[in-house]
>>> print(open('upload.tsv').read())   # TSV, N, CA and C atoms
chain	number	residue	atom	x	y	z
A	15	MET	N	-27.76	-3.96	32.22
A	15	MET	CA	-27.67	-5.41	32.13
A	15	MET	C	-26.63	-5.77	31.09
A	16	SER	N	-25.68	-6.63	31.44
A	16	SER	CA	-24.67	-7.11	30.52
A	16	SER	C	-24.98	-8.53	30.10
A	17	VAL	N	-24.61	-8.86	28.87
A	17	VAL	CA	-24.77	-10.20	28.37
A	17	VAL	C	-23.39	-10.70	27.97
A	18	ILE	N	-22.97	-11.83	28.49
A	18	ILE	CA	-21.66	-12.37	28.14
A	18	ILE	C	-21.77	-13.08	26.80
A	19	ILE	N	-20.92	-12.66	25.84
A	19	ILE	CA	-20.89	-13.30	24.52
A	19	ILE	C	-20.09	-14.59	24.59
A	20	ASP	N	-18.91	-14.48	25.20
A	20	ASP	CA	-18.02	-15.63	25.30
A	20	ASP	C	-17.25	-15.49	26.60
A	21	GLY	N	-17.55	-16.31	27.56
A	21	GLY	CA	-16.94	-16.21	28.87
A	21	GLY	C	-15.43	-16.36	28.83
A	22	SER	N	-14.88	-17.05	27.82
A	22	SER	CA	-13.43	-17.24	27.77
A	22	SER	C	-12.70	-15.97	27.36
A	23	THR	N	-13.36	-15.06	26.68
A	23	THR	CA	-12.70	-13.82	26.26
A	23	THR	C	-12.99	-12.66	27.19
A	24	GLY	N	-14.03	-12.78	27.99
A	24	GLY	CA	-14.39	-11.69	28.89
A	24	GLY	C	-15.09	-10.55	28.17
A	25	MET	N	-15.48	-10.72	26.91
A	25	MET	CA	-16.14	-9.67	26.17
A	25	MET	C	-17.61	-9.64	26.53
A	26	THR	N	-18.13	-8.48	26.82
A	26	THR	CA	-19.54	-8.34	27.17
A	26	THR	C	-20.18	-7.26	26.33
A	27	THR	N	-21.49	-7.25	26.30
A	27	THR	CA	-22.22	-6.18	25.64
A	27	THR	C	-23.18	-5.57	26.64
A	28	ASN	N	-23.57	-4.33	26.39
A	28	ASN	CA	-24.59	-3.72	27.24
A	28	ASN	C	-25.96	-4.08	26.68
A	29	ALA	N	-27.01	-3.55	27.26
A	29	ALA	CA	-28.37	-3.91	26.86
A	29	ALA	C	-28.65	-3.56	25.40
A	30	GLY	N	-27.92	-2.57	24.85
A	30	GLY	CA	-28.12	-2.19	23.46
A	30	GLY	C	-27.32	-3.03	22.48
A	31	GLY	N	-26.53	-4.00	22.99
A	31	GLY	CA	-25.76	-4.87	22.12
A	31	GLY	C	-24.38	-4.33	21.76
A	32	LEU	N	-23.99	-3.19	22.34
A	32	LEU	CA	-22.68	-2.63	22.05
A	32	LEU	C	-21.64	-3.23	22.97
A	33	VAL	N	-20.40	-3.36	22.47
A	33	VAL	CA	-19.33	-3.92	23.29
A	33	VAL	C	-19.04	-2.97	24.44
A	34	ASN	N	-18.97	-3.51	25.63
A	34	ASN	CA	-18.66	-2.74	26.83
A	34	ASN	C	-17.19	-2.35	26.79
A	35	PRO	N	-16.84	-1.05	26.72
A	35	PRO	CA	-15.44	-0.64	26.60
A	35	PRO	C	-14.59	-0.93	27.82
A	36	SER	N	-15.21	-1.18	28.97
A	36	SER	CA	-14.41	-1.43	30.16
A	36	SER	C	-13.98	-2.90	30.27
A	37	THR	N	-14.57	-3.76	29.47
A	37	THR	CA	-14.21	-5.17	29.48
A	37	THR	C	-14.01	-5.61	28.04
A	38	ASN	N	-12.84	-6.08	27.72
A	38	ASN	CA	-12.55	-6.48	26.36
A	38	ASN	C	-11.74	-7.75	26.38
A	39	ILE	N	-11.20	-8.16	25.28
A	39	ILE	CA	-10.46	-9.41	25.17
A	39	ILE	C	-9.35	-9.45	26.21
A	40	ALA	N	-9.32	-10.51	26.98
A	40	ALA	CA	-8.31	-10.75	28.02
A	40	ALA	C	-8.18	-9.56	28.97
A	41	GLY	N	-9.26	-8.80	29.16
A	41	GLY	CA	-9.24	-7.68	30.09
A	41	GLY	C	-8.52	-6.45	29.58
A	42	ILE	N	-8.07	-6.46	28.33
A	42	ILE	CA	-7.34	-5.32	27.76
A	42	ILE	C	-8.32	-4.45	26.99
A	43	ASN	N	-8.24	-3.16	27.19
A	43	ASN	CA	-9.11	-2.22	26.52
A	43	ASN	C	-8.43	-1.68	25.26
A	44	TYR	N	-8.97	-2.01	24.09
A	44	TYR	CA	-8.39	-1.57	22.82
A	44	TYR	C	-9.18	-0.41	22.21
A	45	SER	N	-9.70	0.46	23.01
A	45	SER	CA	-10.54	1.53	22.49
A	45	SER	C	-9.70	2.67	21.90
A	46	CYS	N	-10.38	3.54	21.19
A	46	CYS	CA	-9.75	4.71	20.59
A	46	CYS	C	-9.32	5.66	21.71
A	47	ARG	N	-8.06	6.06	21.72
A	47	ARG	CA	-7.51	6.93	22.77
A	47	ARG	C	-7.65	8.41	22.43
A	48	ALA	N	-7.68	8.74	21.14
A	48	ALA	CA	-7.84	10.12	20.69
A	48	ALA	C	-8.30	10.10	19.24
A	49	TRP	N	-9.02	11.14	18.83
A	49	TRP	CA	-9.44	11.26	17.44
A	49	TRP	C	-9.68	12.72	17.12
A	50	VAL	N	-9.57	13.08	15.85
A	50	VAL	CA	-9.83	14.45	15.43
A	50	VAL	C	-10.19	14.49	13.94
A	51	ASN	N	-11.05	15.42	13.60
A	51	ASN	CA	-11.39	15.78	12.22
A	51	ASN	C	-11.10	17.27	12.13
A	52	PHE	N	-10.15	17.67	11.24
A	52	PHE	CA	-9.82	19.09	11.16
A	52	PHE	C	-9.60	19.55	9.73
A	53	ASP	N	-9.75	20.87	9.54
A	53	ASP	CA	-9.48	21.55	8.28
A	53	ASP	C	-8.01	21.95	8.29
A	54	GLY	N	-7.22	21.40	7.38
A	54	GLY	CA	-5.80	21.69	7.35
A	54	GLY	C	-5.41	22.78	6.36
A	55	THR	N	-6.38	23.55	5.86
A	55	THR	CA	-6.09	24.63	4.92
A	55	THR	C	-6.23	25.97	5.62
A	56	GLY	N	-5.48	26.97	5.15
A	56	GLY	CA	-5.57	28.31	5.75
A	56	GLY	C	-5.26	28.25	7.24
A	57	THR	N	-6.15	28.83	8.05
A	57	THR	CA	-6.01	28.73	9.49
A	57	THR	C	-6.58	27.38	9.92
A	58	VAL	N	-5.73	26.49	10.40
A	58	VAL	CA	-6.14	25.15	10.77
A	58	VAL	C	-7.24	25.23	11.83
A	59	ALA	N	-8.31	24.44	11.62
A	59	ALA	CA	-9.45	24.48	12.55
A	59	ALA	C	-9.96	23.08	12.83
A	60	VAL	N	-10.12	22.75	14.10
A	60	VAL	CA	-10.67	21.47	14.52
A	60	VAL	C	-12.18	21.52	14.34
A	61	ARG	N	-12.73	20.54	13.62
A	61	ARG	CA	-14.19	20.43	13.46
A	61	ARG	C	-14.80	19.69	14.65
A	62	ALA	N	-14.16	18.58	15.03
A	62	ALA	CA	-14.63	17.77	16.15
A	62	ALA	C	-13.46	16.91	16.61
A	63	SER	N	-13.47	16.55	17.91
A	63	SER	CA	-12.34	15.77	18.42
A	63	SER	C	-12.68	15.13	19.75
A	64	GLY	N	-11.81	14.21	20.15
A	64	GLY	CA	-11.85	13.59	21.46
A	64	GLY	C	-10.43	13.40	21.95
A	65	ASN	N	-10.10	13.88	23.12
A	65	ASN	CA	-8.76	13.83	23.70
A	65	ASN	C	-7.71	14.54	22.84
A	66	VAL	N	-8.12	15.58	22.14
A	66	VAL	CA	-7.20	16.41	21.35
A	66	VAL	C	-7.40	17.85	21.78
A	67	THR	N	-6.30	18.51	22.22
A	67	THR	CA	-6.40	19.90	22.65
A	67	THR	C	-6.44	20.84	21.47
A	68	ASP	N	-5.55	20.61	20.50
A	68	ASP	CA	-5.48	21.46	19.32
A	68	ASP	C	-4.57	20.84	18.28
A	69	ILE	N	-4.49	21.52	17.13
A	69	ILE	CA	-3.60	21.13	16.04
A	69	ILE	C	-2.59	22.25	15.87
A	70	THR	N	-1.32	21.89	15.76
A	70	THR	CA	-0.28	22.87	15.46
A	70	THR	C	-0.02	22.83	13.97
A	71	ASP	N	-0.11	24.00	13.31
A	71	ASP	CA	0.20	24.12	11.88
A	71	ASP	C	1.68	24.43	11.77
A	72	ASN	N	2.46	23.46	11.29
A	72	ASN	CA	3.92	23.61	11.19
A	72	ASN	C	4.38	24.04	9.81
A	73	GLY	N	3.45	24.52	8.99
A	73	GLY	CA	3.77	24.91	7.62
A	73	GLY	C	2.91	24.11	6.66
A	74	THR	N	3.07	24.35	5.38
A	74	THR	CA	2.26	23.68	4.36
A	74	THR	C	2.36	22.17	4.49
A	75	GLY	N	1.22	21.52	4.71
A	75	GLY	CA	1.15	20.07	4.77
A	75	GLY	C	1.75	19.44	6.02
A	76	LEU	N	2.13	20.24	7.00
A	76	LEU	CA	2.76	19.72	8.22
A	76	LEU	C	1.90	20.07	9.43
A	77	TYR	N	1.49	19.06	10.17
A	77	TYR	CA	0.59	19.26	11.30
A	77	TYR	C	1.07	18.45	12.51
A	78	THR	N	0.76	18.93	13.70
A	78	THR	CA	0.95	18.16	14.92
A	78	THR	C	-0.38	18.10	15.65
A	79	VAL	N	-0.82	16.88	15.95
A	79	VAL	CA	-2.03	16.65	16.73
A	79	VAL	C	-1.60	16.51	18.19
A	80	ASN	N	-2.07	17.42	19.05
A	80	ASN	CA	-1.69	17.45	20.47
A	80	ASN	C	-2.79	16.82	21.32
A	81	PHE	N	-2.40	15.87	22.18
A	81	PHE	CA	-3.35	15.14	23.00
A	81	PHE	C	-3.63	15.87	24.31
A	82	THR	N	-4.88	15.82	24.75
A	82	THR	CA	-5.27	16.39	26.04
A	82	THR	C	-4.65	15.57	27.18
A	83	THR	N	-4.85	14.26	27.12
A	83	THR	CA	-4.28	13.33	28.10
A	83	THR	C	-3.27	12.47	27.36
A	84	ALA	N	-2.07	12.38	27.88
A	84	ALA	CA	-1.00	11.62	27.23
A	84	ALA	C	-1.38	10.16	27.04
A	85	ILE	N	-0.88	9.57	25.97
A	85	ILE	CA	-1.04	8.15	25.71
A	85	ILE	C	0.00	7.43	26.58
A	86	SER	N	-0.27	6.20	26.99
A	86	SER	CA	0.60	5.49	27.93
A	86	SER	C	2.04	5.31	27.43
A	87	ASP	N	2.22	5.16	26.13
A	87	ASP	CA	3.56	5.10	25.54
A	87	ASP	C	3.42	5.47	24.06
A	88	ALA	N	4.52	5.50	23.35
A	88	ALA	CA	4.49	5.93	21.95
A	88	ALA	C	4.33	4.77	20.98
A	89	ASN	N	3.89	3.61	21.46
A	89	ASN	CA	3.73	2.43	20.60
A	89	ASN	C	2.29	2.25	20.15
A	90	TYR	N	1.59	3.34	19.89
A	90	TYR	CA	0.20	3.29	19.46
A	90	TYR	C	0.10	3.24	17.94
A	91	SER	N	-1.08	2.98	17.46
A	91	SER	CA	-1.37	2.99	16.04
A	91	SER	C	-2.12	4.28	15.71
A	92	ALA	N	-1.60	5.02	14.75
A	92	ALA	CA	-2.26	6.25	14.30
A	92	ALA	C	-2.85	5.99	12.91
A	93	ILE	N	-4.14	6.08	12.80
A	93	ILE	CA	-4.83	5.90	11.53
A	93	ILE	C	-5.11	7.30	10.98
A	94	VAL	N	-4.65	7.58	9.76
A	94	VAL	CA	-4.74	8.92	9.19
A	94	VAL	C	-5.38	8.85	7.81
A	95	SER	N	-6.29	9.77	7.53
A	95	SER	CA	-6.86	9.89	6.19
A	95	SER	C	-7.08	11.36	5.88
A	96	SER	N	-7.21	11.68	4.60
A	96	SER	CA	-7.45	13.07	4.22
A	96	SER	C	-8.19	13.15	2.90
A	97	THR	N	-8.76	14.33	2.66
A	97	THR	CA	-9.42	14.65	1.39
A	97	THR	C	-8.86	15.98	0.94
A	98	GLN	N	-8.39	16.03	-0.29
A	98	GLN	CA	-7.79	17.26	-0.81
A	98	GLN	C	-8.86	18.28	-1.16
A	99	THR	N	-8.42	19.52	-1.35
A	99	THR	CA	-9.35	20.57	-1.77
A	99	THR	C	-9.76	20.33	-3.21
A	100	ALA	N	-10.87	20.91	-3.63
A	100	ALA	CA	-11.36	20.74	-5.00
A	100	ALA	C	-10.36	21.30	-6.01
A	101	ALA	N	-9.59	22.32	-5.63
A	101	ALA	CA	-8.64	22.94	-6.55
A	101	ALA	C	-7.38	22.11	-6.73
A	102	ALA	N	-7.10	21.20	-5.82
A	102	ALA	CA	-5.88	20.38	-5.89
A	102	ALA	C	-6.02	19.34	-6.99
A	103	SER	N	-4.91	18.98	-7.60
A	103	SER	CA	-4.94	17.96	-8.63
A	103	SER	C	-3.86	16.93	-8.35
A	104	GLY	N	-4.01	15.75	-8.94
A	104	GLY	CA	-3.03	14.69	-8.74
A	104	GLY	C	-3.27	13.93	-7.46
A	105	ASN	N	-2.44	12.94	-7.24
A	105	ASN	CA	-2.55	12.11	-6.04
A	105	ASN	C	-1.98	12.83	-4.83
A	106	GLN	N	-2.61	12.64	-3.71
A	106	GLN	CA	-2.17	13.21	-2.44
A	106	GLN	C	-2.00	12.06	-1.45
A	107	ALA	N	-1.05	12.20	-0.54
A	107	ALA	CA	-0.86	11.20	0.51
A	107	ALA	C	-0.61	11.91	1.83
A	108	ILE	N	-1.08	11.31	2.91
A	108	ILE	CA	-0.83	11.85	4.24
A	108	ILE	C	-0.42	10.70	5.15
A	109	GLY	N	0.50	10.98	6.05
A	109	GLY	CA	0.95	9.94	6.96
A	109	GLY	C	1.72	10.54	8.12
A	110	ILE	N	2.33	9.67	8.91
A	110	ILE	CA	3.12	10.11	10.05
A	110	ILE	C	4.42	10.71	9.53
A	111	ALA	N	4.76	11.87	10.06
A	111	ALA	CA	5.96	12.60	9.61
A	111	ALA	C	7.16	12.17	10.44
A	112	SER	N	7.86	11.16	10.00
A	112	SER	CA	8.97	10.62	10.79
A	112	SER	C	10.11	11.61	10.95
A	113	ASP	N	10.20	12.60	10.08
A	113	ASP	CA	11.30	13.57	10.18
A	113	ASP	C	10.96	14.79	11.04
A	114	THR	N	9.75	14.87	11.56
A	114	THR	CA	9.37	16.03	12.36
A	114	THR	C	8.85	15.65	13.75
A	115	GLY	N	9.32	14.56	14.28
A	115	GLY	CA	8.93	14.19	15.63
A	115	GLY	C	8.10	12.94	15.71
A	116	SER	N	7.35	12.61	14.69
A	116	SER	CA	6.48	11.45	14.59
A	116	SER	C	5.69	11.17	15.87
A	117	TYR	N	5.87	10.00	16.49
A	117	TYR	CA	5.08	9.58	17.64
A	117	TYR	C	5.69	10.04	18.96
A	118	SER	N	4.87	10.60	19.84
A	118	SER	CA	5.27	10.83	21.23
A	118	SER	C	4.03	10.55	22.07
A	119	THR	N	4.17	10.55	23.37
A	119	THR	CA	3.02	10.28	24.23
A	119	THR	C	2.05	11.45	24.28
A	120	THR	N	2.50	12.64	23.87
A	120	THR	CA	1.66	13.84	23.96
A	120	THR	C	1.21	14.39	22.61
A	121	ALA	N	1.75	13.83	21.50
A	121	ALA	CA	1.40	14.36	20.18
A	121	ALA	C	1.84	13.39	19.09
A	122	VAL	N	1.28	13.59	17.90
A	122	VAL	CA	1.72	12.86	16.72
A	122	VAL	C	1.83	13.87	15.57
A	123	SER	N	2.90	13.75	14.79
A	123	SER	CA	3.15	14.68	13.68
A	123	SER	C	2.76	14.05	12.36
A	124	LEU	N	2.17	14.86	11.47
A	124	LEU	CA	1.69	14.40	10.17
A	124	LEU	C	2.34	15.19	9.05
A	125	ARG	N	2.47	14.56	7.87
A	125	ARG	CA	2.94	15.25	6.68
A	125	ARG	C	2.06	14.84	5.51
A	126	SER	N	1.61	15.83	4.75
A	126	SER	CA	0.78	15.60	3.57
A	126	SER	C	1.56	16.06	2.34
A	127	GLN	N	1.63	15.18	1.33
A	127	GLN	CA	2.39	15.51	0.13
A	127	GLN	C	1.64	15.11	-1.14
A	128	SER	N	1.99	15.80	-2.23
A	128	SER	CA	1.47	15.45	-3.54
A	128	SER	C	2.33	14.31	-4.10
A	129	SER	N	1.89	13.71	-5.20
A	129	SER	CA	2.66	12.63	-5.82
A	129	SER	C	4.01	13.12	-6.32
A	130	ALA	N	4.16	14.44	-6.51
A	130	ALA	CA	5.43	15.02	-6.93
A	130	ALA	C	6.36	15.28	-5.74
A	131	GLY	N	5.88	15.03	-4.52
A	131	GLY	CA	6.71	15.20	-3.33
A	131	GLY	C	6.63	16.57	-2.69
A	132	ALA	N	5.72	17.43	-3.17
A	132	ALA	CA	5.55	18.76	-2.57
A	132	ALA	C	4.59	18.68	-1.40
A	133	ASP	N	4.92	19.35	-0.29
A	133	ASP	CA	4.02	19.40	0.86
A	133	ASP	C	2.75	20.16	0.46
A	134	THR	N	1.60	19.61	0.82
A	134	THR	CA	0.31	20.21	0.45
A	134	THR	C	-0.65	20.18	1.63
A	135	ASP	N	-1.44	21.23	1.77
A	135	ASP	CA	-2.49	21.27	2.80
A	135	ASP	C	-3.67	20.43	2.35
A	136	GLN	N	-4.41	19.90	3.31
A	136	GLN	CA	-5.59	19.08	3.04
A	136	GLN	C	-6.82	19.71	3.68
A	137	ALA	N	-7.95	19.65	2.97
A	137	ALA	CA	-9.19	20.25	3.46
A	137	ALA	C	-9.80	19.45	4.62
A	138	TYR	N	-9.73	18.15	4.56
A	138	TYR	CA	-10.27	17.28	5.61
A	138	TYR	C	-9.19	16.31	6.04
A	139	VAL	N	-8.79	16.39	7.30
A	139	VAL	CA	-7.80	15.47	7.84
A	139	VAL	C	-8.44	14.76	9.03
A	140	ASN	N	-8.31	13.44	9.07
A	140	ASN	CA	-8.89	12.62	10.12
A	140	ASN	C	-7.79	11.76	10.74
A	141	VAL	N	-7.73	11.74	12.07
A	141	VAL	CA	-6.73	10.96	12.77
A	141	VAL	C	-7.43	10.22	13.92
A	142	ALA	N	-7.10	8.94	14.09
A	142	ALA	CA	-7.59	8.15	15.22
A	142	ALA	C	-6.40	7.42	15.83
A	143	ILE	N	-6.30	7.44	17.14
A	143	ILE	CA	-5.20	6.84	17.88
A	143	ILE	C	-5.72	5.64	18.67
A	144	PHE	N	-5.13	4.47	18.45
A	144	PHE	CA	-5.51	3.25	19.17
A	144	PHE	C	-4.31	2.71	19.92
A	145	ARG	N	-4.55	2.28	21.15
A	145	ARG	CA	-3.48	1.66	21.95
A	145	ARG	C	-4.10	0.66	22.89
>>> encode(input="upload.tsv", output="structure tokens")
Amino acid sequence: MSVIIDGSTGMTTNAGGLVNPSTNIAGINYSCRAWVNFDGTGTVAVRASGNVTDITDNGTGLYTVNFTTAISDANYSAIVSSTQTAAASGNQAIGIASDTGSYSTTAVSLRSQSSAGADTDQAYVNVAIFR
């Protein structure tokens, strides 16, 4: 059973009150297209994922997230976060690696660096793709 929240937007909920992913604002589906939680230290290992085949380790602090099913175009939003290892010190940052391929329909490249600009591996890396 669906309940219409606002007929002008076309947004509906299922019986549990969750937004129905097949019907969204103006008929456009803004759901998560891919996501992954992985260990970026040592031998890179995926902990859990959706629409991600694997992670390519391109060297210290450099990763490529490979999609199982291609995204419709490369104009998606990639949300990235990370947690450094306990042994690491100083500020760490992770983001899209514009110099190593960045966005494509089949993958997204990441770079993790210390505040000094050195590439660093991260213990917990999380990526979510929205389009």
>>> closest_residue(input="upload.tsv", among="A:Thr70, A:Val94, A:Asn80, A:Gly75", to="A:Gly131", atoms="only C-alpha atoms")
A:Gly75
>>> residues_around(input="upload.tsv", residues="A:Asp133", least_positions_apart="6", cutoff="5 Å", atoms="all atoms listed in the file", output="compact mmCIF listing (two decimals) with N, CA and C atoms, keeping the file's coordinate frame")
# COMPACT_ATOMS: atom_id res chain seq x y z
N THR A 74 3.07 24.35 5.38
CA THR A 74 2.26 23.68 4.36
C THR A 74 2.36 22.17 4.49
N GLY A 75 1.22 21.52 4.71
CA GLY A 75 1.15 20.07 4.77
C GLY A 75 1.75 19.44 6.02
N SER A 126 1.61 15.83 4.75
CA SER A 126 0.78 15.60 3.57
C SER A 126 1.56 16.06 2.34
N GLN A 127 1.63 15.18 1.33
CA GLN A 127 2.39 15.51 0.13
C GLN A 127 1.64 15.11 -1.14
>>> atom_distance(input="upload.tsv", atom1="atom N of A:Ser128", atom2="atom CA of A:Cys46")
28.0 Å
>>> atom_distance(input="upload.tsv", atom1="atom CA of A:Phe52", atom2="atom CA of A:Thr119")
20.3 Å
>>> closest_residue(input="upload.tsv", among="A:Ile85, A:Ala107, A:Ala121, A:Ala130", to="A:Thr67", atoms="only C-alpha atoms")
A:Ala121
>>> atom_distance(input="upload.tsv", atom1="atom N of A:Thr55", atom2="atom C of A:Asp135")
5.4 Å
>>> select_by_dssp(input="upload.tsv", residues="stretch 107-142 of chain A", states="strand (DSSP E or B)", output="MDAnalysis selection string")
chainID A and resid 107:110 117 121:128 133 138:142
>>> residues_around(input="upload.tsv", residues="A:Gly73", least_positions_apart="4", cutoff="12 Å", atoms="only C-alpha atoms", output="ChimeraX atom specification")
/A:54-58,69,77-78,114,123-126,133-136
>>> closest_residue(input="upload.tsv", among="A:Ala59, A:Ala111, A:Val66, A:Ala92", to="A:Ala142", atoms="only N, CA and C atoms")
A:Ala92
